[in-house]
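Novice: Pasting in a structure now, in structure tokens, and then I'll have a few things to ask.
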Amino acid sequence: MEGRWIVPYFGPWLDARHPRPAVPGEIRWFAAIDGKDIEVKDGTPFQHGQETIRPQSRTFIASRITDNPYLLNTGYMATLQALPEPLRSQMLEGDFRAGMQDSPWQVIPTAWVEAAQARWRVPDRRPPMDSMGVDVARGGEDETVIARRHGMWFDVPLAVPGAQTPNGAEVAGRVVASRRNDAVVHIDVIGVGASPYDILNGSGIQTVGVNVAQAATGLDSSGRLSFRNLRSMLWWRMREALDPINETGICLPPGARLTAELCAPTWSLRGSTIYVASREEIIKTTGRSPDYASAYVLALMDTPKNDALEVAHGNARRNYDPWSRRD
């Protein structure tokens, strides 16, 4: 469709699922690298192979035809009014998001995330904190993100640049400072997450180390489909929690970054096994690590607190599998 080029070209301003959205008039920098339009940090020239790349600035401010008196007096409005949707809204109202649709293989539909965010309100009194999800920065522009869950109400993310969490002790300290009600800590232990896990666990804090590459132990809600790995299963659990048909009442804090990341992964079905795109595949597609979404996916894990396990099941705690489905 003619004109659709404008959405990816001005993605930070027009794409609601962009991982780093921009406000109207904000300056961003882009460079052409190997024929692709890539967003970069600033306008500083850099070397790419034998070529010196000089980034160019770009911004976007939406406007309507009524903002342009010259076009308004030419009869152009009548032409735009006759266009079919979504072109009519795009060209007449300057709404280039109109008509944008999810991929049929998107793990979590955008409308489900937006509905959960629309339900979100700060309660007069928060329920006890049940779970925390911690995604530790892997370097570069990554952020260490802590998500906190109170029942099915999720608090706003606590996020800091990776440079501010240079070691396991710093991450562990931030977790302890934000933890309430003996909440269970779920932390990604692949790579840099191993150190804060060791510190938290050694301090007597109930901490579940999550290696998303390991085998999944559960099935989907139908009981028919398995998962490629734990990561695929955890993302699918978030999909099931957000699915309106399940009426979980899940509430997620509003935020374009969280929306974009939760809606970024795609999935495929191979036989009866669900494969969710890897972190590396998401980074390749979006240019950013899904730090926020990963923390919230971890926070959704439903691990009973130690005290509850000991009272209700005695020594069952030793055999409890936090990654299997609990009815």
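The chains in the structure tokens are called A, B, ... from first to last as shown; in each chain the residues are counted from 1, and the ligands are counted from 1 in the order shown.
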May I have all residues of stretch 175-325 of chain A that DSSP, computed from the backbone, assigns to alpha helix (DSSP H), given as a ChimeraX atom specification?

Specialist: /A:175-178,194-202,230-242,256-262,279-286,291-299,306-313

Novice: What lies within 7 Å of A:Ile187 using only C-alpha atoms, ignoring chain neighbours under 6 positions off, as a ChimeraX atom specification?

Specialist: /A:133-135,193,197,208-210

Novice: Dump C-alpha atoms for the selected residues as a PDB file, in the first residue's frame?

Specialist:
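File produced: result.pdb:
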```pdb
ATOM      1  CA  GLY A 133      10.997 -11.042  38.409  1.00  0.00           C
ATOM      2  CA  VAL A 134      14.561  -9.853  37.842  1.00  0.00           C
ATOM      3  CA  ASP A 135      16.182  -9.485  34.430  1.00  0.00           C
ATOM      4  CA  GLY A 193      22.292 -13.342  36.612  1.00  0.00           C
ATOM      5  CA  TYR A 197      21.287 -15.321  42.510  1.00  0.00           C
ATOM      6  CA  VAL A 208      14.386 -19.291  42.202  1.00  0.00           C
ATOM      7  CA  GLY A 209      17.144 -19.370  39.610  1.00  0.00           C
ATOM      8  CA  VAL A 210      15.553 -19.600  36.177  1.00  0.00           C
TER       9      VAL A 210
END
```

Novice: List every residue of stretch 150-233 of chain A that has an atom at most 9 Å from any atom of stretch 254-270 of chain A, and for each one report the closest atom pair and its distance in Å to one decimal, counting only C-alpha atoms, with rows sorted by chain and then by increasing residue number, as CSV.

Specialist:
```
residue,atom,partner,partner_atom,distance
A:Val156,CA,A:Pro254,CA,8.2
A:Pro157,CA,A:Leu258,CA,9.0
A:Ser232,CA,A:Trp267,CA,8.5
```

Novice: Counting only C-alpha atoms, what is within 10 Å of A:Trp235, bar same-chain residues fewer than 6 positions away, as a list in words?

Specialist: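 After dropping sequence-adjacent residues, the list is Val107, Ile108, Ala241, Leu262, Pro265, Trp267, Val276, Ala277, Ala293, Ser294, Tyr296, Val297, Leu298 and Leu300 of chain A.
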
Novice: Since we have the selection now, will you write its residues out, keeping C-alpha atoms, as a PDB file, in the first residue's frame?

Specialist:
```
ATOM      1  CA  VAL A 107       2.756 -14.591  20.921  1.00  0.00           C
ATOM      2  CA  ILE A 108       0.698 -11.970  22.755  1.00  0.00           C
ATOM      3  CA  ALA A 241      -2.830 -14.949  31.717  1.00  0.00           C
ATOM      4  CA  LEU A 262       5.521  -8.056  25.334  1.00  0.00           C
ATOM      5  CA  PRO A 265       8.070 -12.267  20.186  1.00  0.00           C
ATOM      6  CA  TRP A 267       6.004 -18.255  17.802  1.00  0.00           C
ATOM      7  CA  VAL A 276       8.824 -18.916  21.024  1.00  0.00           C
ATOM      8  CA  ALA A 277      11.443 -16.663  19.429  1.00  0.00           C
ATOM      9  CA  ALA A 293       8.959  -8.015  29.297  1.00  0.00           C
ATOM     10  CA  SER A 294      11.377 -10.684  30.520  1.00  0.00           C
ATOM     11  CA  TYR A 296       7.332  -9.411  33.997  1.00  0.00           C
ATOM     12  CA  VAL A 297       7.249 -12.911  32.526  1.00  0.00           C
ATOM     13  CA  LEU A 298       9.445 -14.067  35.418  1.00  0.00           C
ATOM     14  CA  LEU A 300       4.237 -14.140  36.757  1.00  0.00           C
TER      15      LEU A 300
END
```

Novice: Nearest residue to A:Arg288 out of A:Glu170, A:Glu26, A:Asp142, A:Asp67, using only C-alpha atoms?

Specialist: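 Using only C-alpha atoms, the shortest distance to A:Arg288 belongs to A:Asp142.
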
Novice: Please provide as number ranges by chain all residues within 7 Å of stretch 111-127 of chain A, with the sequence filter that same-chain residues fewer than 4 positions apart are discarded (counting only C-alpha atoms).

Specialist: A: 150-151, 242-243, 250-254, 259

Novice: Hey, can you check how far atom CA of A:Gln164 sits from atom CA of A:Thr144?

Specialist: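 Distance between the two atoms: 8.6 Å.
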
Novice: Suppose you want the space between atom CA of A:Glu280 and atom CA of A:Met233; what is it in Å?

Specialist: 17.1 Å

Novice: Can you pull out every residue from stretch 172-285 of chain A that DSSP, working from the backbone, puts in strand (DSSP E), and format the result as a ChimeraX atom specification?

Specialist: /A:184-188,207-210,226-227,267-270,273-276
